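To be precise, the following lines are input24.tsv, and they hold TSV, N, CA, C and O atoms.
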```tsv
chain	number	residue	atom	x	y	z
A	1	GLN	N	0.61	-17.91	-10.89
A	1	GLN	CA	0.24	-16.51	-11.06
A	1	GLN	C	-1.17	-16.41	-11.65
A	1	GLN	O	-1.96	-15.59	-11.20
A	2	VAL	N	-1.47	-17.21	-12.65
A	2	VAL	CA	-2.79	-17.15	-13.29
A	2	VAL	C	-3.88	-17.49	-12.29
A	2	VAL	O	-4.91	-16.82	-12.22
A	3	GLU	N	-3.63	-18.53	-11.47
A	3	GLU	CA	-4.63	-18.92	-10.49
A	3	GLU	C	-4.84	-17.82	-9.45
A	3	GLU	O	-5.97	-17.49	-9.10
A	4	SER	N	-3.76	-17.21	-8.97
A	4	SER	CA	-3.92	-16.16	-7.96
A	4	SER	C	-4.60	-14.94	-8.55
A	4	SER	O	-5.39	-14.26	-7.88
A	5	ASP	N	-4.34	-14.63	-9.82
A	5	ASP	CA	-5.02	-13.50	-10.47
A	5	ASP	C	-6.51	-13.78	-10.67
A	5	ASP	O	-7.31	-12.85	-10.65
A	6	SER	N	-6.87	-15.05	-10.83
A	6	SER	CA	-8.26	-15.37	-11.10
A	6	SER	C	-9.16	-15.14	-9.88
A	6	SER	O	-10.35	-14.91	-10.04
A	7	ILE	N	-8.61	-15.21	-8.67
A	7	ILE	CA	-9.42	-14.99	-7.47
A	7	ILE	C	-9.43	-13.52	-7.04
A	7	ILE	O	-10.16	-13.15	-6.14
A	8	ARG	N	-8.63	-12.70	-7.70
A	8	ARG	CA	-8.53	-11.29	-7.32
A	8	ARG	C	-9.78	-10.52	-7.73
A	8	ARG	O	-10.31	-10.68	-8.81
A	9	SER	N	-10.22	-9.69	-6.82
A	9	SER	CA	-11.29	-8.74	-7.08
A	9	SER	C	-10.88	-7.44	-6.38
A	9	SER	O	-9.93	-7.43	-5.60
A	10	ARG	N	-11.59	-6.39	-6.66
A	10	ARG	CA	-11.25	-5.13	-5.97
A	10	ARG	C	-11.37	-5.28	-4.46
A	10	ARG	O	-10.54	-4.77	-3.71
A	11	ALA	N	-12.41	-5.96	-4.01
A	11	ALA	CA	-12.61	-6.15	-2.58
A	11	ALA	C	-11.47	-6.98	-1.99
A	11	ALA	O	-10.95	-6.66	-0.91
A	12	TYR	N	-11.06	-8.03	-2.69
A	12	TYR	CA	-9.95	-8.88	-2.24
A	12	TYR	C	-8.67	-8.05	-2.15
A	12	TYR	O	-7.94	-8.12	-1.16
A	13	ASP	N	-8.38	-7.24	-3.17
A	13	ASP	CA	-7.18	-6.41	-3.19
A	13	ASP	C	-7.20	-5.41	-2.03
A	13	ASP	O	-6.19	-5.22	-1.34
A	14	ARG	N	-8.35	-4.76	-1.81
A	14	ARG	CA	-8.47	-3.80	-0.71
A	14	ARG	C	-8.22	-4.48	0.63
A	14	ARG	O	-7.48	-3.97	1.48
A	15	GLU	N	-8.83	-5.64	0.83
A	15	GLU	CA	-8.67	-6.36	2.10
A	15	GLU	C	-7.23	-6.79	2.32
A	15	GLU	O	-6.75	-6.79	3.46
A	16	ARG	N	-6.56	-7.16	1.26
A	16	ARG	CA	-5.15	-7.57	1.38
A	16	ARG	C	-4.29	-6.39	1.83
A	16	ARG	O	-3.45	-6.53	2.72
A	17	VAL	N	-4.51	-5.23	1.24
A	17	VAL	CA	-3.75	-4.03	1.63
A	17	VAL	C	-4.12	-3.62	3.05
A	17	VAL	O	-3.24	-3.32	3.87
A	18	ILE	N	-5.39	-3.62	3.39
A	18	ILE	CA	-5.83	-3.28	4.74
A	18	ILE	C	-5.21	-4.23	5.76
A	18	ILE	O	-4.75	-3.80	6.82
A	19	GLY	N	-5.16	-5.51	5.44
A	19	GLY	CA	-4.56	-6.50	6.34
A	19	GLY	C	-3.09	-6.19	6.62
A	19	GLY	O	-2.64	-6.28	7.76
A	20	LEU	N	-2.36	-5.81	5.58
A	20	LEU	CA	-0.95	-5.46	5.78
A	20	LEU	C	-0.81	-4.20	6.62
A	20	LEU	O	0.07	-4.12	7.48
A	21	LEU	N	-1.66	-3.22	6.39
A	21	LEU	CA	-1.58	-1.98	7.15
A	21	LEU	C	-1.97	-2.20	8.61
A	21	LEU	O	-1.48	-1.49	9.50
A	22	LYS	N	-2.80	-3.19	8.89
A	22	LYS	CA	-3.13	-3.53	10.28
A	22	LYS	C	-1.91	-4.11	10.98
A	22	LYS	O	-1.63	-3.80	12.13
A	23	VAL	N	-1.18	-4.97	10.26
A	23	VAL	CA	0.01	-5.61	10.84
A	23	VAL	C	1.13	-4.59	11.05
A	23	VAL	O	1.81	-4.62	12.06
A	24	TRP	N	1.33	-3.71	10.07
A	24	TRP	CA	2.40	-2.71	10.12
A	24	TRP	C	1.79	-1.37	10.52
A	24	TRP	O	1.59	-0.49	9.70
A	25	SER	N	1.52	-1.20	11.81
A	25	SER	CA	0.84	0.01	12.29
A	25	SER	C	1.64	1.28	12.06
A	25	SER	O	1.07	2.37	12.06
A	26	GLU	N	2.96	1.17	11.87
A	26	GLU	CA	3.76	2.37	11.59
A	26	GLU	C	3.60	2.84	10.15
A	26	GLU	O	4.09	3.89	9.78
A	27	GLY	N	2.90	2.06	9.35
A	27	GLY	CA	2.62	2.43	7.97
A	27	GLY	C	3.57	1.80	6.97
A	27	GLY	O	4.63	1.29	7.34
A	28	LEU	N	3.17	1.80	5.71
A	28	LEU	CA	3.95	1.22	4.63
A	28	LEU	C	3.99	2.17	3.44
A	28	LEU	O	3.04	2.93	3.22
A	29	THR	N	5.06	2.08	2.67
A	29	THR	CA	5.17	2.85	1.44
A	29	THR	C	4.57	2.03	0.29
A	29	THR	O	4.30	0.83	0.44
A	30	VAL	N	4.42	2.67	-0.85
A	30	VAL	CA	3.92	1.97	-2.03
A	30	VAL	C	4.86	0.82	-2.38
A	30	VAL	O	4.42	-0.30	-2.66
A	31	LYS	N	6.15	1.08	-2.33
A	31	LYS	CA	7.13	0.04	-2.67
A	31	LYS	C	7.01	-1.16	-1.73
A	31	LYS	O	7.05	-2.31	-2.17
A	32	GLU	N	6.85	-0.90	-0.44
A	32	GLU	CA	6.70	-1.99	0.52
A	32	GLU	C	5.42	-2.77	0.27
A	32	GLU	O	5.41	-4.01	0.35
A	33	LEU	N	4.34	-2.07	-0.04
A	33	LEU	CA	3.09	-2.76	-0.36
A	33	LEU	C	3.23	-3.61	-1.62
A	33	LEU	O	2.70	-4.72	-1.69
A	34	MET	N	3.94	-3.08	-2.61
A	34	MET	CA	4.17	-3.85	-3.84
A	34	MET	C	4.95	-5.14	-3.54
A	34	MET	O	4.60	-6.21	-4.05
A	35	GLU	N	5.99	-5.02	-2.72
A	35	GLU	CA	6.80	-6.19	-2.39
A	35	GLU	C	5.99	-7.23	-1.62
A	35	GLU	O	6.14	-8.44	-1.85
A	36	ASP	N	5.15	-6.78	-0.69
A	36	ASP	CA	4.40	-7.71	0.14
A	36	ASP	C	3.22	-8.36	-0.57
A	36	ASP	O	2.81	-9.47	-0.22
A	37	THR	N	2.64	-7.66	-1.56
A	37	THR	CA	1.46	-8.20	-2.23
A	37	THR	C	1.76	-8.82	-3.59
A	37	THR	O	1.02	-9.67	-4.06
A	38	GLY	N	2.84	-8.34	-4.23
A	38	GLY	CA	3.11	-8.78	-5.60
A	38	GLY	C	2.30	-8.00	-6.62
A	38	GLY	O	2.36	-8.27	-7.82
A	39	PHE	N	1.52	-7.00	-6.16
A	39	PHE	CA	0.72	-6.18	-7.07
A	39	PHE	C	1.64	-5.17	-7.77
A	39	PHE	O	2.71	-4.84	-7.27
A	40	THR	N	1.19	-4.66	-8.90
A	40	THR	CA	1.95	-3.67	-9.63
A	40	THR	C	1.81	-2.30	-8.96
A	40	THR	O	0.93	-2.09	-8.13
A	41	HIS	N	2.67	-1.38	-9.37
A	41	HIS	CA	2.62	-0.01	-8.86
A	41	HIS	C	1.25	0.59	-9.15
A	41	HIS	O	0.64	1.23	-8.29
A	42	TRP	N	0.75	0.39	-10.36
A	42	TRP	CA	-0.56	0.92	-10.75
A	42	TRP	C	-1.66	0.35	-9.86
A	42	TRP	O	-2.54	1.08	-9.40
A	43	ASP	N	-1.62	-0.97	-9.62
A	43	ASP	CA	-2.62	-1.61	-8.76
A	43	ASP	C	-2.63	-0.97	-7.36
A	43	ASP	O	-3.69	-0.63	-6.84
A	44	ILE	N	-1.46	-0.84	-6.77
A	44	ILE	CA	-1.36	-0.29	-5.42
A	44	ILE	C	-1.87	1.13	-5.38
A	44	ILE	O	-2.63	1.51	-4.48
A	45	ARG	N	-1.49	1.94	-6.37
A	45	ARG	CA	-1.96	3.33	-6.41
A	45	ARG	C	-3.49	3.40	-6.50
A	45	ARG	O	-4.12	4.23	-5.84
A	46	GLN	N	-4.08	2.55	-7.32
A	46	GLN	CA	-5.54	2.53	-7.46
A	46	GLN	C	-6.22	2.09	-6.16
A	46	GLN	O	-7.23	2.68	-5.74
A	47	ILE	N	-5.68	1.07	-5.52
A	47	ILE	CA	-6.24	0.57	-4.26
A	47	ILE	C	-6.15	1.65	-3.18
A	47	ILE	O	-7.12	1.92	-2.47
A	48	LEU	N	-4.98	2.29	-3.06
A	48	LEU	CA	-4.80	3.33	-2.05
A	48	LEU	C	-5.71	4.53	-2.32
A	48	LEU	O	-6.30	5.08	-1.37
A	49	ALA	N	-5.86	4.92	-3.57
A	49	ALA	CA	-6.75	6.04	-3.90
A	49	ALA	C	-8.18	5.71	-3.48
A	49	ALA	O	-8.88	6.55	-2.90
A	50	ASP	N	-8.60	4.49	-3.74
A	50	ASP	CA	-9.94	4.05	-3.36
A	50	ASP	C	-10.10	4.06	-1.83
A	50	ASP	O	-11.10	4.56	-1.30
A	51	LEU	N	-9.11	3.54	-1.12
A	51	LEU	CA	-9.18	3.48	0.33
A	51	LEU	C	-9.14	4.88	0.96
A	51	LEU	O	-9.79	5.12	1.97
A	52	MET	N	-8.41	5.80	0.35
A	52	MET	CA	-8.38	7.18	0.86
A	52	MET	C	-9.72	7.88	0.62
A	52	MET	O	-10.19	8.62	1.48
A	53	ARG	N	-10.34	7.63	-0.54
A	53	ARG	CA	-11.67	8.19	-0.81
A	53	ARG	C	-12.69	7.69	0.22
A	53	ARG	O	-13.59	8.43	0.63
A	54	ARG	N	-12.53	6.44	0.63
A	54	ARG	CA	-13.44	5.85	1.62
A	54	ARG	C	-13.12	6.30	3.04
A	54	ARG	O	-13.87	5.99	3.97
A	55	GLY	N	-11.97	6.95	3.24
A	55	GLY	CA	-11.57	7.38	4.57
A	55	GLY	C	-10.93	6.29	5.40
A	55	GLY	O	-10.77	6.44	6.62
A	56	THR	N	-10.55	5.20	4.78
A	56	THR	CA	-9.96	4.06	5.48
A	56	THR	C	-8.46	4.24	5.70
A	56	THR	O	-7.91	3.77	6.69
A	57	VAL	N	-7.81	4.91	4.76
A	57	VAL	CA	-6.37	5.07	4.78
A	57	VAL	C	-6.03	6.55	4.67
A	57	VAL	O	-6.73	7.31	4.01
A	58	LYS	N	-4.95	6.94	5.35
A	58	LYS	CA	-4.44	8.30	5.23
A	58	LYS	C	-2.97	8.22	4.82
A	58	LYS	O	-2.31	7.21	5.05
A	59	GLU	N	-2.49	9.31	4.21
A	59	GLU	CA	-1.10	9.35	3.81
A	59	GLU	C	-0.40	10.51	4.49
A	59	GLU	O	-1.03	11.50	4.84
A	60	HIS	N	0.90	10.35	4.70
A	60	HIS	CA	1.70	11.45	5.22
A	60	HIS	C	3.16	11.23	4.82
A	60	HIS	O	3.54	10.13	4.44
A	61	TRP	N	3.92	12.29	4.91
A	61	TRP	CA	5.35	12.21	4.61
A	61	TRP	C	6.12	12.02	5.90
A	61	TRP	O	5.77	12.60	6.93
A	62	GLU	N	7.16	11.19	5.85
A	62	GLU	CA	8.04	11.04	7.01
A	62	GLU	C	9.46	10.77	6.54
A	62	GLU	O	9.69	10.36	5.41
A	63	LEU	N	10.40	11.00	7.44
A	63	LEU	CA	11.80	10.71	7.15
A	63	LEU	C	12.10	9.27	7.52
A	63	LEU	O	11.76	8.82	8.62
A	64	ARG	N	12.71	8.56	6.61
A	64	ARG	CA	13.13	7.18	6.87
A	64	ARG	C	14.59	7.05	6.49
A	64	ARG	O	15.04	7.60	5.49
A	65	GLY	N	15.32	6.30	7.29
A	65	GLY	CA	16.74	6.11	7.04
A	65	GLY	C	16.97	5.24	5.81
A	65	GLY	O	16.38	4.18	5.67
A	66	GLY	N	17.82	5.72	4.92
A	66	GLY	CA	18.23	4.96	3.75
A	66	GLY	C	19.61	4.39	3.97
A	66	GLY	O	20.13	4.37	5.09
A	67	ALA	N	20.25	3.93	2.91
A	67	ALA	CA	21.59	3.34	3.02
A	67	ALA	C	22.61	4.37	3.47
A	67	ALA	O	23.50	4.06	4.26
A	68	ARG	N	22.48	5.60	2.98
A	68	ARG	CA	23.48	6.62	3.31
A	68	ARG	C	22.90	7.87	3.97
A	68	ARG	O	23.62	8.66	4.53
A	69	SER	N	21.61	8.07	3.85
A	69	SER	CA	21.01	9.27	4.41
A	69	SER	C	19.53	9.03	4.67
A	69	SER	O	18.99	7.99	4.31
A	70	LYS	N	18.90	10.02	5.24
A	70	LYS	CA	17.46	9.93	5.46
A	70	LYS	C	16.74	10.47	4.24
A	70	LYS	O	17.18	11.41	3.61
A	71	GLN	N	15.61	9.84	3.93
A	71	GLN	CA	14.80	10.26	2.78
A	71	GLN	C	13.38	10.53	3.24
A	71	GLN	O	12.88	9.87	4.15
A	72	ARG	N	12.74	11.49	2.57
A	72	ARG	CA	11.31	11.72	2.80
A	72	ARG	C	10.55	10.74	1.93
A	72	ARG	O	10.77	10.67	0.73
A	73	VAL	N	9.67	9.97	2.56
A	73	VAL	CA	8.85	9.01	1.82
A	73	VAL	C	7.39	9.20	2.22
A	73	VAL	O	7.08	9.64	3.33
A	74	LYS	N	6.51	8.87	1.29
A	74	LYS	CA	5.07	8.93	1.58
A	74	LYS	C	4.68	7.59	2.18
A	74	LYS	O	4.93	6.53	1.62
A	75	VAL	N	4.05	7.66	3.35
A	75	VAL	CA	3.68	6.46	4.11
A	75	VAL	C	2.16	6.43	4.24
A	75	VAL	O	1.51	7.46	4.43
A	76	TYR	N	1.62	5.24	4.14
A	76	TYR	CA	0.16	5.03	4.22
A	76	TYR	C	-0.15	4.24	5.48
A	76	TYR	O	0.51	3.25	5.79
A	77	LYS	N	-1.15	4.74	6.23
A	77	LYS	CA	-1.59	4.11	7.47
A	77	LYS	C	-3.10	4.03	7.48
A	77	LYS	O	-3.78	4.80	6.80
A	78	LEU	N	-3.63	3.16	8.31
A	78	LEU	CA	-5.08	3.10	8.51
A	78	LEU	C	-5.52	4.35	9.27
A	78	LEU	O	-4.82	4.84	10.15
A	79	SER	N	-6.68	4.86	8.93
A	79	SER	CA	-7.22	6.05	9.60
A	79	SER	C	-7.72	5.72	10.98
A	79	SER	O	-8.09	4.65	11.28
```
Final structure tokens representation of the file:
Amino acid sequence: QVESDSIRSRAYDRERVIGLLKVWSEGLTVKELMEDTGFTHWDIRQILADLMRRGTVKEHWELRGGARSKQRVKVYKLS
């Protein structure tokens, strides 16, 4: 963990999130990004806010099936 944190920079974090969003063209939630990157909720929120300011990422609400019902979730996709 210490070694992986030592190579992290804002640019590295942004590229990691962008890379995942390229692979998952249907978009990802904050929780999914957290699971895939190992970043904290705060980290993901900061990265997404930065990417939205740059116009790289957009957010929208959609219905996704849960265990018992459909839920509205905020999904992030590349612009």
| query | In terms of the shortest atom-to-atom distance over all atoms listed in the file, which of A:Arg68, A:Arg14, A:Lys77, A:Lys31 is closest to Thr56 in chain A? | reply | A:Lys77
| said: Which residues are close to Lys58 in chain A, i.e. within 6 Å by all atoms listed in the file, leaving aside same-chain residues fewer than 2 positions away? Reply as a PyMOL selection string. | reply: chain A and resi 52+55-56+60+75-79
| task | Would you mind reading off the distance between CA of Leu51 in chain A and CA of Met34 in chain A, one decimal, in Å? | result |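 Interatomic distance, CA of Leu51 in chain A to CA of Met34 in chain A: 15.8 Å.
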| field | Computed interatomic separation between atom C of Asp13 in chain A and atom N of Phe39 in chain A (Å) | value |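 Computing the Euclidean distance for atom C of Asp13 in chain A and atom N of Phe39 in chain A yields 9.8 Å.
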Can you list, as a tab-separated table (two decimals) with N, CA, C and O atoms, in the frame of the given file, all residues belonging to chain A that DSSP tags as helix (DSSP H, G or I)?
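Listing of states.tsv after writing:
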```
chain	number	residue	atom	x	y	z
A	2	VAL	N	-1.47	-17.21	-12.65
A	2	VAL	CA	-2.79	-17.15	-13.29
A	2	VAL	C	-3.88	-17.49	-12.29
A	2	VAL	O	-4.91	-16.82	-12.22
A	3	GLU	N	-3.63	-18.53	-11.47
A	3	GLU	CA	-4.63	-18.92	-10.49
A	3	GLU	C	-4.84	-17.82	-9.45
A	3	GLU	O	-5.97	-17.49	-9.10
A	4	SER	N	-3.76	-17.21	-8.97
A	4	SER	CA	-3.92	-16.16	-7.96
A	4	SER	C	-4.60	-14.94	-8.55
A	4	SER	O	-5.39	-14.26	-7.88
A	5	ASP	N	-4.34	-14.63	-9.82
A	5	ASP	CA	-5.02	-13.50	-10.47
A	5	ASP	C	-6.51	-13.78	-10.67
A	5	ASP	O	-7.31	-12.85	-10.65
A	6	SER	N	-6.87	-15.05	-10.83
A	6	SER	CA	-8.26	-15.37	-11.10
A	6	SER	C	-9.16	-15.14	-9.88
A	6	SER	O	-10.35	-14.91	-10.04
A	10	ARG	N	-11.59	-6.39	-6.66
A	10	ARG	CA	-11.25	-5.13	-5.97
A	10	ARG	C	-11.37	-5.28	-4.46
A	10	ARG	O	-10.54	-4.77	-3.71
A	11	ALA	N	-12.41	-5.96	-4.01
A	11	ALA	CA	-12.61	-6.15	-2.58
A	11	ALA	C	-11.47	-6.98	-1.99
A	11	ALA	O	-10.95	-6.66	-0.91
A	12	TYR	N	-11.06	-8.03	-2.69
A	12	TYR	CA	-9.95	-8.88	-2.24
A	12	TYR	C	-8.67	-8.05	-2.15
A	12	TYR	O	-7.94	-8.12	-1.16
A	13	ASP	N	-8.38	-7.24	-3.17
A	13	ASP	CA	-7.18	-6.41	-3.19
A	13	ASP	C	-7.20	-5.41	-2.03
A	13	ASP	O	-6.19	-5.22	-1.34
A	14	ARG	N	-8.35	-4.76	-1.81
A	14	ARG	CA	-8.47	-3.80	-0.71
A	14	ARG	C	-8.22	-4.48	0.63
A	14	ARG	O	-7.48	-3.97	1.48
A	15	GLU	N	-8.83	-5.64	0.83
A	15	GLU	CA	-8.67	-6.36	2.10
A	15	GLU	C	-7.23	-6.79	2.32
A	15	GLU	O	-6.75	-6.79	3.46
A	16	ARG	N	-6.56	-7.16	1.26
A	16	ARG	CA	-5.15	-7.57	1.38
A	16	ARG	C	-4.29	-6.39	1.83
A	16	ARG	O	-3.45	-6.53	2.72
A	17	VAL	N	-4.51	-5.23	1.24
A	17	VAL	CA	-3.75	-4.03	1.63
A	17	VAL	C	-4.12	-3.62	3.05
A	17	VAL	O	-3.24	-3.32	3.87
A	18	ILE	N	-5.39	-3.62	3.39
A	18	ILE	CA	-5.83	-3.28	4.74
A	18	ILE	C	-5.21	-4.23	5.76
A	18	ILE	O	-4.75	-3.80	6.82
A	19	GLY	N	-5.16	-5.51	5.44
A	19	GLY	CA	-4.56	-6.50	6.34
A	19	GLY	C	-3.09	-6.19	6.62
A	19	GLY	O	-2.64	-6.28	7.76
A	20	LEU	N	-2.36	-5.81	5.58
A	20	LEU	CA	-0.95	-5.46	5.78
A	20	LEU	C	-0.81	-4.20	6.62
A	20	LEU	O	0.07	-4.12	7.48
A	21	LEU	N	-1.66	-3.22	6.39
A	21	LEU	CA	-1.58	-1.98	7.15
A	21	LEU	C	-1.97	-2.20	8.61
A	21	LEU	O	-1.48	-1.49	9.50
A	22	LYS	N	-2.80	-3.19	8.89
A	22	LYS	CA	-3.13	-3.53	10.28
A	22	LYS	C	-1.91	-4.11	10.98
A	22	LYS	O	-1.63	-3.80	12.13
A	23	VAL	N	-1.18	-4.97	10.26
A	23	VAL	CA	0.01	-5.61	10.84
A	23	VAL	C	1.13	-4.59	11.05
A	23	VAL	O	1.81	-4.62	12.06
A	30	VAL	N	4.42	2.67	-0.85
A	30	VAL	CA	3.92	1.97	-2.03
A	30	VAL	C	4.86	0.82	-2.38
A	30	VAL	O	4.42	-0.30	-2.66
A	31	LYS	N	6.15	1.08	-2.33
A	31	LYS	CA	7.13	0.04	-2.67
A	31	LYS	C	7.01	-1.16	-1.73
A	31	LYS	O	7.05	-2.31	-2.17
A	32	GLU	N	6.85	-0.90	-0.44
A	32	GLU	CA	6.70	-1.99	0.52
A	32	GLU	C	5.42	-2.77	0.27
A	32	GLU	O	5.41	-4.01	0.35
A	33	LEU	N	4.34	-2.07	-0.04
A	33	LEU	CA	3.09	-2.76	-0.36
A	33	LEU	C	3.23	-3.61	-1.62
A	33	LEU	O	2.70	-4.72	-1.69
A	34	MET	N	3.94	-3.08	-2.61
A	34	MET	CA	4.17	-3.85	-3.84
A	34	MET	C	4.95	-5.14	-3.54
A	34	MET	O	4.60	-6.21	-4.05
A	35	GLU	N	5.99	-5.02	-2.72
A	35	GLU	CA	6.80	-6.19	-2.39
A	35	GLU	C	5.99	-7.23	-1.62
A	35	GLU	O	6.14	-8.44	-1.85
A	36	ASP	N	5.15	-6.78	-0.69
A	36	ASP	CA	4.40	-7.71	0.14
A	36	ASP	C	3.22	-8.36	-0.57
A	36	ASP	O	2.81	-9.47	-0.22
A	37	THR	N	2.64	-7.66	-1.56
A	37	THR	CA	1.46	-8.20	-2.23
A	37	THR	C	1.76	-8.82	-3.59
A	37	THR	O	1.02	-9.67	-4.06
A	41	HIS	N	2.67	-1.38	-9.37
A	41	HIS	CA	2.62	-0.01	-8.86
A	41	HIS	C	1.25	0.59	-9.15
A	41	HIS	O	0.64	1.23	-8.29
A	42	TRP	N	0.75	0.39	-10.36
A	42	TRP	CA	-0.56	0.92	-10.75
A	42	TRP	C	-1.66	0.35	-9.86
A	42	TRP	O	-2.54	1.08	-9.40
A	43	ASP	N	-1.62	-0.97	-9.62
A	43	ASP	CA	-2.62	-1.61	-8.76
A	43	ASP	C	-2.63	-0.97	-7.36
A	43	ASP	O	-3.69	-0.63	-6.84
A	44	ILE	N	-1.46	-0.84	-6.77
A	44	ILE	CA	-1.36	-0.29	-5.42
A	44	ILE	C	-1.87	1.13	-5.38
A	44	ILE	O	-2.63	1.51	-4.48
A	45	ARG	N	-1.49	1.94	-6.37
A	45	ARG	CA	-1.96	3.33	-6.41
A	45	ARG	C	-3.49	3.40	-6.50
A	45	ARG	O	-4.12	4.23	-5.84
A	46	GLN	N	-4.08	2.55	-7.32
A	46	GLN	CA	-5.54	2.53	-7.46
A	46	GLN	C	-6.22	2.09	-6.16
A	46	GLN	O	-7.23	2.68	-5.74
A	47	ILE	N	-5.68	1.07	-5.52
A	47	ILE	CA	-6.24	0.57	-4.26
A	47	ILE	C	-6.15	1.65	-3.18
A	47	ILE	O	-7.12	1.92	-2.47
A	48	LEU	N	-4.98	2.29	-3.06
A	48	LEU	CA	-4.80	3.33	-2.05
A	48	LEU	C	-5.71	4.53	-2.32
A	48	LEU	O	-6.30	5.08	-1.37
A	49	ALA	N	-5.86	4.92	-3.57
A	49	ALA	CA	-6.75	6.04	-3.90
A	49	ALA	C	-8.18	5.71	-3.48
A	49	ALA	O	-8.88	6.55	-2.90
A	50	ASP	N	-8.60	4.49	-3.74
A	50	ASP	CA	-9.94	4.05	-3.36
A	50	ASP	C	-10.10	4.06	-1.83
A	50	ASP	O	-11.10	4.56	-1.30
A	51	LEU	N	-9.11	3.54	-1.12
A	51	LEU	CA	-9.18	3.48	0.33
A	51	LEU	C	-9.14	4.88	0.96
A	51	LEU	O	-9.79	5.12	1.97
A	52	MET	N	-8.41	5.80	0.35
A	52	MET	CA	-8.38	7.18	0.86
A	52	MET	C	-9.72	7.88	0.62
A	52	MET	O	-10.19	8.62	1.48
A	53	ARG	N	-10.34	7.63	-0.54
A	53	ARG	CA	-11.67	8.19	-0.81
A	53	ARG	C	-12.69	7.69	0.22
A	53	ARG	O	-13.59	8.43	0.63
```
| field | Which of A:Arg45, A:Arg54, A:Arg10, A:Arg72 sits closest to Leu33 in chain A [using only C-alpha atoms] | value | A:Arg45
| request: Grab the atom O of Asp50 in chain A to atom N of Lys22 in chain A distance for me, in Å with one decimal place. | output: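 These two atoms are separated by 15.3 Å.
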Specify the axis-aligned box that encloses all atoms of range 16-19 of chain A listed in the file after padding of 5 Å on each side, stating its centre and edge lengths in Å to one decimal as lines of an AutoDock Vina configuration file.
```
center_x = -4.6
center_y = -5.4
center_z = 4.5
size_x = 13.9
size_y = 14.3
size_z = 16.5
```
| task | Please report, as a PyMOL selection string, each residue of chain A to which DSSP assigns strand (DSSP E) when run on this structure's backbone. | result | chain A and resi 57-65+70-78
| request: Considering all atoms listed in the file, return as a list in words whatever protein or nucleic-acid residues lie within 8 Å of Thr37 in chain A, sequence-local ones (same chain, fewer than 5 positions apart) excluded. | output: Arg16, Val17, Val30, Lys31 and Glu32 of chain A
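Remark: residues at most 7 Å from position (6.5, 4.6, 9.6) in file coordinates are Ser25, Glu26, Gly27, Leu28, Leu63 and Val75 of chain A, using all atoms listed in the file.
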Expected file contents, prior selection, N, CA, C and O atoms, as a compact mmCIF listing (two decimals), in the frame of the given file:
```txt
# COMPACT_ATOMS: atom_id res chain seq x y z
N SER A 25 1.52 -1.20 11.81
CA SER A 25 0.84 0.01 12.29
C SER A 25 1.64 1.28 12.06
O SER A 25 1.07 2.37 12.06
N GLU A 26 2.96 1.17 11.87
CA GLU A 26 3.76 2.37 11.59
C GLU A 26 3.60 2.84 10.15
O GLU A 26 4.09 3.89 9.78
N GLY A 27 2.90 2.06 9.35
CA GLY A 27 2.62 2.43 7.97
C GLY A 27 3.57 1.80 6.97
O GLY A 27 4.63 1.29 7.34
N LEU A 28 3.17 1.80 5.71
CA LEU A 28 3.95 1.22 4.63
C LEU A 28 3.99 2.17 3.44
O LEU A 28 3.04 2.93 3.22
N LEU A 63 10.40 11.00 7.44
CA LEU A 63 11.80 10.71 7.15
C LEU A 63 12.10 9.27 7.52
O LEU A 63 11.76 8.82 8.62
N VAL A 75 4.05 7.66 3.35
CA VAL A 75 3.68 6.46 4.11
C VAL A 75 2.16 6.43 4.24
O VAL A 75 1.51 7.46 4.43
```
